[in-house]
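The file final23.cif contains mmCIF, C-alpha atoms; chains and numbers go by the auth columns:
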```cif
data_data
loop_
_atom_site.group_PDB
_atom_site.id
_atom_site.type_symbol
_atom_site.label_atom_id
_atom_site.label_comp_id
_atom_site.label_asym_id
_atom_site.label_seq_id
_atom_site.Cartn_x
_atom_site.Cartn_y
_atom_site.Cartn_z
_atom_site.B_iso_or_equiv
_atom_site.auth_seq_id
_atom_site.auth_asym_id
ATOM 1 C CA MET A 1 -14.242 1.003 -3.842 0.00 17 A
ATOM 2 C CA LEU A 2 -12.872 0.378 -7.334 0.00 18 A
ATOM 3 C CA ARG A 3 -16.085 1.708 -8.882 0.00 19 A
ATOM 4 C CA ALA A 4 -15.891 4.837 -6.733 0.00 20 A
ATOM 5 C CA PHE A 5 -12.258 5.345 -7.721 0.00 21 A
ATOM 6 C CA ARG A 6 -13.203 5.049 -11.402 0.00 22 A
ATOM 7 C CA LEU A 7 -15.608 7.960 -11.048 0.00 23 A
ATOM 8 C CA LEU A 8 -12.814 10.064 -9.574 0.00 24 A
ATOM 9 C CA LEU A 9 -10.678 9.497 -12.666 0.00 25 A
ATOM 10 C CA ARG A 10 -10.961 11.762 -15.643 0.00 26 A
ATOM 11 C CA PRO A 11 -11.893 9.855 -18.821 0.00 27 A
ATOM 12 C CA GLY A 12 -8.793 7.997 -19.949 0.00 28 A
ATOM 13 C CA GLY A 13 -7.234 8.274 -16.477 0.00 29 A
ATOM 14 C CA ARG A 14 -5.428 5.268 -15.055 0.00 30 A
ATOM 15 C CA THR A 15 -5.463 3.348 -11.837 0.00 31 A
ATOM 16 C CA GLY A 16 -2.749 1.072 -10.539 0.00 32 A
ATOM 17 C CA PHE A 17 -2.338 -0.815 -7.323 0.00 33 A
ATOM 18 C CA TYR A 18 -0.493 -3.580 -5.560 0.00 34 A
ATOM 19 C CA THR A 19 -2.690 -6.043 -3.751 0.00 35 A
ATOM 20 C CA ILE A 20 -2.284 -9.182 -1.662 0.00 36 A
ATOM 21 C CA HIS A 21 -4.822 -11.870 -2.461 0.00 37 A
ATOM 22 C CA THR A 22 -5.501 -15.560 -2.202 0.00 38 A
ATOM 23 C CA SER A 23 -4.080 -17.795 -4.903 0.00 39 A
ATOM 24 C CA PRO A 24 -6.543 -18.820 -7.613 0.00 40 A
ATOM 25 C CA GLY A 25 -8.002 -22.302 -7.489 0.00 41 A
ATOM 26 C CA LEU A 26 -7.806 -22.908 -3.738 0.00 42 A
ATOM 27 C CA ASP A 27 -10.517 -25.014 -2.174 0.00 43 A
ATOM 28 C CA GLU A 28 -12.610 -23.415 0.566 0.00 44 A
ATOM 29 C CA ARG A 29 -10.502 -24.825 3.423 0.00 45 A
ATOM 30 C CA LEU A 30 -7.247 -23.465 1.976 0.00 46 A
ATOM 31 C CA ARG A 31 -8.896 -20.159 1.048 0.00 47 A
ATOM 32 C CA GLN A 32 -9.987 -19.689 4.659 0.00 48 A
ATOM 33 C CA ARG A 33 -6.462 -20.491 5.807 0.00 49 A
ATOM 34 C CA ALA A 34 -5.069 -17.961 3.355 0.00 50 A
ATOM 35 C CA HIS A 35 -7.464 -15.330 4.748 0.00 51 A
ATOM 36 C CA ARG A 36 -6.308 -16.023 8.290 0.00 52 A
ATOM 37 C CA SER A 37 -2.649 -15.890 7.275 0.00 53 A
ATOM 38 C CA GLY A 38 -2.712 -12.629 5.350 0.00 54 A
ATOM 39 C CA PRO A 39 -3.516 -8.990 6.047 0.00 55 A
ATOM 40 C CA TRP A 40 -6.880 -8.292 7.648 0.00 56 A
ATOM 41 C CA ALA A 41 -8.569 -7.352 4.387 0.00 57 A
ATOM 42 C CA VAL A 42 -7.654 -10.377 2.249 0.00 58 A
ATOM 43 C CA ALA A 43 -11.209 -11.323 1.479 0.00 59 A
ATOM 44 C CA ALA A 44 -12.014 -10.626 -2.158 0.00 60 A
ATOM 45 C CA ALA A 45 -13.826 -13.447 -3.924 0.00 61 A
ATOM 46 C CA HIS A 46 -12.327 -12.676 -7.339 0.00 62 A
ATOM 47 C CA GLN A 47 -8.828 -12.169 -8.636 0.00 63 A
ATOM 48 C CA PRO A 48 -7.822 -8.475 -8.764 0.00 64 A
ATOM 49 C CA GLY A 49 -7.763 -8.084 -12.539 0.00 65 A
ATOM 50 C CA GLU A 50 -11.277 -9.479 -12.715 0.00 66 A
ATOM 51 C CA LEU A 51 -12.403 -7.091 -9.971 0.00 67 A
ATOM 52 C CA LEU A 52 -11.075 -4.173 -12.002 0.00 68 A
ATOM 53 C CA ARG A 53 -12.856 -5.323 -15.165 0.00 69 A
ATOM 54 C CA ARG A 54 -16.114 -5.792 -13.246 0.00 70 A
ATOM 55 C CA ALA A 55 -15.731 -2.239 -11.921 0.00 71 A
ATOM 56 C CA GLY A 56 -15.750 -0.888 -15.473 0.00 72 A
ATOM 57 C CA TYR A 57 -12.086 -0.402 -16.297 0.00 73 A
ATOM 58 C CA VAL A 58 -10.542 -1.261 -19.656 0.00 74 A
ATOM 59 C CA ASP A 59 -7.015 -2.157 -20.783 0.00 75 A
ATOM 60 C CA VAL A 60 -6.630 -4.123 -17.572 0.00 76 A
ATOM 61 C CA ALA A 61 -3.259 -5.781 -17.040 0.00 77 A
ATOM 62 C CA GLU A 62 -2.204 -7.910 -14.086 0.00 78 A
ATOM 63 C CA PHE A 63 1.378 -8.735 -13.115 0.00 79 A
ATOM 64 C CA ASP A 64 2.254 -11.418 -10.604 0.00 80 A
ATOM 65 C CA VAL A 65 4.794 -10.062 -8.099 0.00 81 A
ATOM 66 C CA THR A 66 4.586 -12.954 -5.639 0.00 82 A
ATOM 67 C CA ASP A 67 8.294 -13.788 -5.940 0.00 83 A
ATOM 68 C CA GLU A 68 9.157 -10.232 -4.869 0.00 84 A
ATOM 69 C CA PHE A 69 6.489 -10.469 -2.146 0.00 85 A
ATOM 70 C CA ARG A 70 8.208 -13.572 -0.770 0.00 86 A
ATOM 71 C CA THR A 71 11.607 -11.866 -0.841 0.00 87 A
ATOM 72 C CA THR A 72 10.312 -8.736 0.880 0.00 88 A
ATOM 73 C CA ALA A 73 8.407 -10.738 3.511 0.00 89 A
ATOM 74 C CA ARG A 74 11.564 -12.721 4.291 0.00 90 A
ATOM 75 C CA LEU A 75 13.678 -9.555 4.432 0.00 91 A
ATOM 76 C CA TRP A 76 11.333 -7.914 6.976 0.00 92 A
ATOM 77 C CA ILE A 77 11.777 -10.916 9.278 0.00 93 A
ATOM 78 C CA GLU A 78 15.549 -11.112 8.798 0.00 94 A
ATOM 79 C CA GLN A 79 16.099 -7.390 9.229 0.00 95 A
ATOM 80 C CA TRP A 80 13.962 -7.231 12.355 0.00 96 A
ATOM 81 C CA ASP A 81 15.990 -10.106 13.791 0.00 97 A
ATOM 82 C CA THR A 82 19.202 -8.309 12.847 0.00 98 A
ATOM 83 C CA HIS A 83 18.099 -5.166 14.718 0.00 99 A
ATOM 84 C CA ARG A 84 16.300 -7.098 17.440 0.00 100 A
ATOM 85 C CA ASP A 85 17.669 -5.279 20.497 0.00 101 A
ATOM 86 C CA ALA A 86 16.968 -1.773 19.204 0.00 102 A
ATOM 87 C CA LEU A 87 13.496 -2.731 17.998 0.00 103 A
ATOM 88 C CA ILE A 88 12.594 -4.414 21.289 0.00 104 A
ATOM 89 C CA GLU A 89 13.655 -1.229 23.043 0.00 105 A
ATOM 90 C CA LEU A 90 11.339 0.702 20.726 0.00 106 A
ATOM 91 C CA HIS A 91 8.341 -1.629 20.584 0.00 107 A
ATOM 92 C CA GLY A 92 8.643 -3.821 23.658 0.00 108 A
ATOM 93 C CA GLU A 93 9.285 -7.559 23.741 0.00 109 A
ATOM 94 C CA ALA A 94 5.656 -8.626 23.322 0.00 110 A
ATOM 95 C CA ASP A 95 4.930 -6.376 20.325 0.00 111 A
ATOM 96 C CA PHE A 96 8.189 -7.380 18.668 0.00 112 A
ATOM 97 C CA ALA A 97 7.345 -11.076 19.070 0.00 113 A
ATOM 98 C CA SER A 98 3.754 -10.565 17.917 0.00 114 A
ATOM 99 C CA ARG A 99 4.743 -8.736 14.731 0.00 115 A
ATOM 100 C CA GLN A 100 7.421 -11.281 13.888 0.00 116 A
ATOM 101 C CA ALA A 101 4.956 -14.135 14.441 0.00 117 A
ATOM 102 C CA LEU A 102 2.451 -12.530 12.065 0.00 118 A
ATOM 103 C CA ARG A 103 5.154 -12.060 9.460 0.00 119 A
ATOM 104 C CA ARG A 104 6.248 -15.685 9.779 0.00 120 A
ATOM 105 C CA THR A 105 2.653 -16.872 9.356 0.00 121 A
ATOM 106 C CA GLU A 106 2.314 -14.730 6.253 0.00 122 A
ATOM 107 C CA LEU A 107 5.633 -15.922 4.820 0.00 123 A
ATOM 108 C CA GLN A 108 4.640 -19.535 5.367 0.00 124 A
ATOM 109 C CA ALA A 109 1.372 -18.926 3.504 0.00 125 A
ATOM 110 C CA ILE A 110 3.294 -17.368 0.618 0.00 126 A
ATOM 111 C CA GLU A 111 5.719 -20.285 0.489 0.00 127 A
ATOM 112 C CA GLU A 112 2.839 -22.773 0.544 0.00 128 A
ATOM 113 C CA GLY A 113 1.246 -21.004 -2.416 0.00 129 A
ATOM 114 C CA LEU A 114 -1.763 -19.691 -0.497 0.00 130 A
ATOM 115 C CA LEU A 115 -1.085 -15.966 -0.801 0.00 131 A
ATOM 116 C CA CYS A 116 -0.118 -13.980 -3.883 0.00 132 A
ATOM 117 C CA ARG A 117 0.622 -10.349 -4.599 0.00 133 A
ATOM 118 C CA SER A 118 -0.170 -8.653 -7.871 0.00 134 A
ATOM 119 C CA LEU A 119 0.281 -5.321 -9.581 0.00 135 A
ATOM 120 C CA VAL A 120 -2.886 -4.404 -11.454 0.00 136 A
ATOM 121 C CA VAL A 121 -3.431 -1.471 -13.789 0.00 137 A
ATOM 122 C CA GLY A 122 -6.466 -0.317 -15.743 0.00 138 A
ATOM 123 C CA ARG A 123 -7.939 2.714 -17.467 0.00 139 A
ATOM 124 C CA ARG A 124 -11.233 4.530 -17.240 0.00 140 A
ATOM 125 C CA PRO A 125 -12.843 4.444 -20.682 0.00 141 A
ATOM 126 C CA GLY A 126 -12.492 7.827 -22.291 0.00 142 A
ATOM 127 C CA MET B 1 -19.087 3.934 7.187 0.00 17 B
ATOM 128 C CA VAL B 2 -15.934 2.529 8.771 0.00 18 B
ATOM 129 C CA THR B 3 -16.016 -1.175 9.601 0.00 19 B
ATOM 130 C CA ARG B 4 -14.692 -2.597 12.860 0.00 20 B
ATOM 131 C CA ALA B 5 -11.751 -4.214 11.050 0.00 21 B
ATOM 132 C CA GLU B 6 -10.893 -0.905 9.369 0.00 22 B
ATOM 133 C CA ARG B 7 -11.095 0.917 12.705 0.00 23 B
ATOM 134 C CA GLU B 8 -8.789 -1.621 14.340 0.00 24 B
ATOM 135 C CA ALA B 9 -6.330 -1.393 11.461 0.00 25 B
ATOM 136 C CA SER B 10 -6.405 2.383 11.676 0.00 26 B
ATOM 137 C CA GLU B 11 -5.681 2.251 15.419 0.00 27 B
ATOM 138 C CA ARG B 12 -2.709 -0.032 14.773 0.00 28 B
ATOM 139 C CA PHE B 13 -1.319 2.406 12.237 0.00 29 B
ATOM 140 C CA VAL B 14 -1.841 5.381 14.554 0.00 30 B
ATOM 141 C CA GLN B 15 0.308 3.588 17.112 0.00 31 B
ATOM 142 C CA ARG B 16 2.980 2.905 14.523 0.00 32 B
ATOM 143 C CA TYR B 17 3.020 6.500 13.290 0.00 33 B
ATOM 144 C CA ARG B 18 3.742 7.613 16.859 0.00 34 B
ATOM 145 C CA GLU B 19 6.802 5.403 17.073 0.00 35 B
ATOM 146 C CA SER B 20 10.161 7.078 16.758 0.00 36 B
ATOM 147 C CA ARG B 21 12.057 6.679 13.504 0.00 37 B
ATOM 148 C CA VAL B 22 15.219 5.512 15.224 0.00 38 B
ATOM 149 C CA ASP B 23 18.315 4.492 13.255 0.00 39 B
ATOM 150 C CA ALA B 24 17.398 0.799 13.378 0.00 40 B
ATOM 151 C CA VAL B 25 13.986 1.483 11.813 0.00 41 B
ATOM 152 C CA ARG B 26 15.578 3.476 9.010 0.00 42 B
ATOM 153 C CA ALA B 27 18.216 0.783 8.447 0.00 43 B
ATOM 154 C CA VAL B 28 15.548 -1.922 8.219 0.00 44 B
ATOM 155 C CA GLU B 29 13.486 0.055 5.745 0.00 45 B
ATOM 156 C CA GLN B 30 16.534 0.813 3.630 0.00 46 B
ATOM 157 C CA ALA B 31 17.443 -2.882 3.506 0.00 47 B
ATOM 158 C CA VAL B 32 13.892 -4.114 2.821 0.00 48 B
ATOM 159 C CA ILE B 33 12.258 -1.397 0.745 0.00 49 B
ATOM 160 C CA GLY B 34 15.317 0.338 -0.658 0.00 50 B
ATOM 161 C CA GLY B 35 14.421 3.772 0.692 0.00 51 B
ATOM 162 C CA ASP B 36 13.585 5.827 3.739 0.00 52 B
ATOM 163 C CA TRP B 37 9.999 6.986 3.260 0.00 53 B
ATOM 164 C CA GLY B 38 8.343 5.512 6.331 0.00 54 B
ATOM 165 C CA ALA B 39 7.150 2.473 4.408 0.00 55 B
ATOM 166 C CA ASN B 40 6.119 -0.539 6.452 0.00 56 B
ATOM 167 C CA GLY B 41 4.549 -2.751 3.810 0.00 57 B
ATOM 168 C CA TYR B 42 5.705 -4.657 0.771 0.00 58 B
ATOM 169 C CA THR B 43 6.048 -2.021 -1.938 0.00 59 B
ATOM 170 C CA THR B 44 9.711 -1.527 -2.727 0.00 60 B
ATOM 171 C CA VAL B 45 11.256 1.486 -4.409 0.00 61 B
ATOM 172 C CA ALA B 46 11.649 -0.563 -7.603 0.00 62 B
ATOM 173 C CA GLN B 47 7.947 -1.476 -7.490 0.00 63 B
ATOM 174 C CA ALA B 48 6.947 2.149 -6.945 0.00 64 B
ATOM 175 C CA ASP B 49 9.036 3.077 -9.998 0.00 65 B
ATOM 176 C CA ARG B 50 7.255 0.386 -12.013 0.00 66 B
ATOM 177 C CA LEU B 51 3.861 1.686 -10.930 0.00 67 B
ATOM 178 C CA GLY B 52 4.792 5.237 -11.910 0.00 68 B
ATOM 179 C CA SER B 53 6.054 4.064 -15.285 0.00 69 B
ATOM 180 C CA LEU B 54 2.956 1.978 -16.102 0.00 70 B
ATOM 181 C CA LEU B 55 0.673 4.880 -15.190 0.00 71 B
ATOM 182 C CA GLU B 56 2.855 7.293 -17.199 0.00 72 B
ATOM 183 C CA LEU B 57 3.024 9.733 -14.311 0.00 73 B
ATOM 184 C CA GLY B 58 4.661 13.070 -14.941 0.00 74 B
ATOM 185 C CA PRO B 59 4.204 16.828 -14.643 0.00 75 B
ATOM 186 C CA GLY B 60 0.557 17.844 -14.955 0.00 76 B
ATOM 187 C CA VAL B 61 -0.860 14.530 -13.739 0.00 77 B
ATOM 188 C CA VAL B 62 -2.711 14.761 -10.425 0.00 78 B
ATOM 189 C CA VAL B 63 -2.533 11.474 -8.534 0.00 79 B
ATOM 190 C CA LEU B 64 -4.780 10.359 -5.693 0.00 80 B
ATOM 191 C CA ASP B 65 -2.916 8.060 -3.273 0.00 81 B
ATOM 192 C CA VAL B 66 -5.532 6.207 -1.223 0.00 82 B
ATOM 193 C CA GLY B 67 -4.449 4.898 2.182 0.00 83 B
ATOM 194 C CA ALA B 68 -1.308 6.959 1.852 0.00 84 B
ATOM 195 C CA GLY B 69 -0.054 6.651 5.441 0.00 85 B
ATOM 196 C CA ARG B 70 3.141 8.677 5.746 0.00 86 B
ATOM 197 C CA GLY B 71 3.015 9.429 2.020 0.00 87 B
ATOM 198 C CA TRP B 72 4.599 6.328 0.569 0.00 88 B
ATOM 199 C CA PRO B 73 4.649 5.888 -2.406 0.00 89 B
ATOM 200 C CA GLY B 74 2.694 8.947 -3.562 0.00 90 B
ATOM 201 C CA LEU B 75 5.163 11.561 -2.343 0.00 91 B
ATOM 202 C CA TYR B 76 8.051 9.533 -3.721 0.00 92 B
ATOM 203 C CA LEU B 77 6.359 9.441 -7.135 0.00 93 B
ATOM 204 C CA ALA B 78 5.763 13.189 -6.967 0.00 94 B
ATOM 205 C CA ALA B 79 9.465 13.687 -6.259 0.00 95 B
ATOM 206 C CA THR B 80 10.678 11.348 -8.985 0.00 96 B
ATOM 207 C CA THR B 81 8.166 11.922 -11.805 0.00 97 B
ATOM 208 C CA GLY B 82 7.049 15.527 -11.299 0.00 98 B
ATOM 209 C CA CYS B 83 3.384 14.628 -10.825 0.00 99 B
ATOM 210 C CA SER B 84 1.182 16.200 -8.158 0.00 100 B
ATOM 211 C CA VAL B 85 -0.293 14.051 -5.413 0.00 101 B
ATOM 212 C CA VAL B 86 -3.206 14.088 -2.997 0.00 102 B
ATOM 213 C CA SER B 87 -2.552 11.771 -0.041 0.00 103 B
ATOM 214 C CA ALA B 88 -5.751 10.478 1.559 0.00 104 B
ATOM 215 C CA ASP B 89 -5.977 8.414 4.722 0.00 105 B
ATOM 216 C CA VAL B 90 -7.824 8.108 8.027 0.00 106 B
ATOM 217 C CA PRO B 91 -5.053 8.456 10.658 0.00 107 B
ATOM 218 C CA VAL B 92 -4.157 12.136 10.951 0.00 108 B
ATOM 219 C CA GLU B 93 -0.817 11.176 12.515 0.00 109 B
ATOM 220 C CA GLY B 94 0.361 9.653 9.242 0.00 110 B
ATOM 221 C CA LEU B 95 -0.786 12.637 7.213 0.00 111 B
ATOM 222 C CA ARG B 96 1.107 15.030 9.495 0.00 112 B
ATOM 223 C CA LEU B 97 4.267 13.039 8.857 0.00 113 B
ATOM 224 C CA ALA B 98 3.469 13.102 5.145 0.00 114 B
ATOM 225 C CA ARG B 99 3.284 16.913 5.185 0.00 115 B
ATOM 226 C CA ALA B 100 6.677 17.114 6.829 0.00 116 B
ATOM 227 C CA ARG B 101 8.118 14.645 4.354 0.00 117 B
ATOM 228 C CA ALA B 102 6.630 16.561 1.410 0.00 118 B
ATOM 229 C CA ALA B 103 8.540 19.631 2.534 0.00 119 B
ATOM 230 C CA ASP B 104 11.763 17.652 2.953 0.00 120 B
ATOM 231 C CA ALA B 105 11.317 16.119 -0.501 0.00 121 B
ATOM 232 C CA GLY B 106 10.666 19.488 -2.124 0.00 122 B
ATOM 233 C CA VAL B 107 7.160 18.643 -3.277 0.00 123 B
ATOM 234 C CA ALA B 108 5.104 20.605 -0.743 0.00 124 B
ATOM 235 C CA ASP B 109 3.732 22.831 -3.508 0.00 125 B
ATOM 236 C CA ARG B 110 2.565 19.784 -5.493 0.00 126 B
ATOM 237 C CA SER B 111 1.087 17.731 -2.681 0.00 127 B
ATOM 238 C CA TRP B 112 -1.935 17.889 -0.413 0.00 128 B
ATOM 239 C CA SER B 113 -3.219 15.716 2.421 0.00 129 B
ATOM 240 C CA VAL B 114 -6.857 14.881 2.983 0.00 130 B
ATOM 241 C CA ASN B 115 -8.210 13.139 6.073 0.00 131 B
ATOM 242 C CA ALA B 116 -10.716 10.727 4.534 0.00 132 B
ATOM 243 C CA SER B 117 -11.601 7.055 4.292 0.00 133 B
ATOM 244 C CA ALA B 118 -11.386 5.278 0.958 0.00 134 B
ATOM 245 C CA ARG B 119 -15.120 4.634 1.318 0.00 135 B
ATOM 246 C CA THR B 120 -16.071 8.303 1.522 0.00 136 B
ATOM 247 C CA LEU B 121 -13.636 10.301 -0.553 0.00 137 B
ATOM 248 C CA PRO B 122 -14.643 13.981 -0.707 0.00 138 B
ATOM 249 C CA PHE B 123 -13.635 14.778 -4.277 0.00 139 B
ATOM 250 C CA ARG B 124 -15.541 15.860 -7.354 0.00 140 B
ATOM 251 C CA ALA B 125 -15.900 13.409 -10.222 0.00 141 B
ATOM 252 C CA ALA B 126 -13.089 13.214 -12.783 0.00 142 B
ATOM 253 C CA ALA B 127 -10.699 15.144 -10.549 0.00 143 B
ATOM 254 C CA PHE B 128 -7.663 12.905 -11.003 0.00 144 B
ATOM 255 C CA GLY B 129 -5.437 11.650 -13.759 0.00 145 B
ATOM 256 C CA ALA B 130 -4.479 8.584 -11.745 0.00 146 B
ATOM 257 C CA VAL B 131 -5.524 6.745 -8.602 0.00 147 B
ATOM 258 C CA ILE B 132 -3.070 4.507 -6.761 0.00 148 B
ATOM 259 C CA HIS B 133 -3.094 2.389 -3.616 0.00 149 B
ATOM 260 C CA THR B 134 -0.728 -0.213 -2.258 0.00 150 B
ATOM 261 C CA ASP B 135 -2.047 -3.162 -0.273 0.00 151 B
ATOM 262 C CA VAL B 136 -5.130 -1.199 0.761 0.00 152 B
ATOM 263 C CA LEU B 137 -7.458 -3.382 -1.260 0.00 153 B
ATOM 264 C CA CYS B 138 -6.685 -6.966 -0.370 0.00 154 B
#
```
Same coordinates, now as structure tokens:
Amino acid sequence: MLRAFRLLLRPGGRTGFYTIHTSPGLDERLRQRAHRSGPWAVAAAHQPGELLRRAGYVDVAEFDVTDEFRTTARLWIEQWDTHRDALIELHGEADFASRQALRRTELQAIEEGLLCRSLVVGRRPG
Amino acid sequence: MVTRAEREASERFVQRYRESRVDAVRAVEQAVIGGDWGANGYTTVAQADRLGSLLELGPGVVVLDVGAGRGWPGLYLAATTGCSVVSADVPVEGLRLARARAADAGVADRSWSVNASARTLPFRAAAFGAVIHTDVLC
């Protein structure tokens, strides 16, 4: 997809994205666990900055925003618990519990250093 | 071609876009994200501002927001930086909400919605000054 996006950019145009990915240096067992703990598409074999470079972008910069990711993940759980009654009325008990369980799994993976989130920017050569 | 995982994710989002934006949902988003744009992921208002700054968005720049959902953060960036934005996504329900939000935010004349997958984007080459996506590519 990153290559296709590059072609859509005018020369010198920029791309930027936030992405959740597995932490670098995990062994295969931990990487698989990270995949199971994160969003459905956490599957890339390379770190995001490297993916962007391989797709032909230049001036690539990568910023680790995992600390903010952890804070936001925790806030989603806390805020949903705070508004539990209204959200159960909206979503139903089972869906509420399911979403909170997924969030807790993801937060645990972040806290164990399995999942990261990065901001990555790059430019189409112009 | 849309994969099974992508189809399932899309169906989940369709369901979410049909949910009412009751006061509790707005309060949660305000507390977590810092705004009320229909965001349900991890990109905060401060992070959207950082993205817009790094990409030097402003008037005259046409941005493609891939996997835009209800228009977050593309419409927000259009409202705050003056750029134009094309929101692209698969669930039509999200794009309808994005159109309504564009009008509310005063950027309807600088924003467009396109029903398309990230894998088959129907645009000519070199059409955009910037391409953004948030937690679409994982």
Taking into account only C-alpha atoms, which residue in the set B:Ala124, B:Leu93, B:Ala55, B:Leu67 is nearest to chain A?
->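 Using only C-alpha atoms, chain A sits closest to B:Leu67.
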Considering only C-alpha atoms, return as a ChimeraX atom specification whatever protein or nucleic-acid residues lie within 6 Å of Ser100 (chain B), sequence-local ones (same chain, fewer than 4 positions apart) excluded.
-> /B:78,94,126-127
What lies within 10 Å of Ala89 (chain A) using only C-alpha atoms, ignoring chain neighbours under 2 positions off, as a ChimeraX atom specification?
-> /A:83-87,91-94,119-120,122-124,126 /B:48,57-58
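The spacing separating CA of Gly54 (chain A) from CA of His107 (chain A) amounts to 21.8 Å.
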Test item: the PyMOL selection byres ((chain B and resi 148) around 6) resolved as a tab-separated table (two decimals) with C-alpha atoms, in the frame of the given file:
```tsv
chain	number	residue	atom	x	y	z
A	31	THR	CA	-5.46	3.35	-11.84
A	32	GLY	CA	-2.75	1.07	-10.54
A	33	PHE	CA	-2.34	-0.82	-7.32
B	81	ASP	CA	-2.92	8.06	-3.27
B	147	VAL	CA	-5.52	6.74	-8.60
B	149	HIS	CA	-3.09	2.39	-3.62
```
Residues of chain A within 9 Å of chain B, counting only C-alpha atoms, as an NGL selection string = :A and (17-18 or 20-38 or 54-60 or 64 or 84-85 or 87-89 or 91-92 or 95-96 or 98-100 or 102-103 or 106-107 or 133 or 135 or 137-139)
So which residues get picked by the PyMOL selection byres ((chain B and resi 115) around 9) here, written as JSON, numbers by chain?
-> {"B": [86, 87, 110, 111, 112, 113, 114, 116, 117, 118, 119, 120, 124, 127, 128, 129]}
Length of the CA of Val102 (chain B) to CA of Val61 (chain B) vector [Å] |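 CA of Val102 (chain B) sits 19.2 Å away from CA of Val61 (chain B).
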Selection near Val130 (chain B), 7 Å with all atoms listed in the file, sequence-local residues under 3 positions removed, as an mmCIF file with C-alpha atoms, in the frame of the given file:
```cif
data_model
loop_
_atom_site.group_PDB
_atom_site.id
_atom_site.type_symbol
_atom_site.label_atom_id
_atom_site.label_comp_id
_atom_site.auth_asym_id
_atom_site.auth_seq_id
_atom_site.Cartn_x
_atom_site.Cartn_y
_atom_site.Cartn_z
ATOM 1 C CA SER B 103 -2.552 11.771 -0.041
ATOM 2 C CA ALA B 104 -5.751 10.478 1.559
ATOM 3 C CA ASP B 105 -5.977 8.414 4.722
#
```
Pick the closest to Glu44 (chain A) from A:Glu109, A:Pro141, A:Leu130, A:Thr121: which is it, counting all atoms listed in the file?
-> A:Leu130
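The coordinates place CA of His62 (chain A) at 8.4 Å from CA of Pro40 (chain A).
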Mind giving me the axis-aligned box for region 51-54 of chain A with 5 Å on every side, centre plus edges in Å to one decimal, as lines of an AutoDock Vina configuration file?
```
center_x = -5.1
center_y = -14.3
center_z = 6.5
size_x = 14.8
size_y = 13.4
size_z = 13.5
```
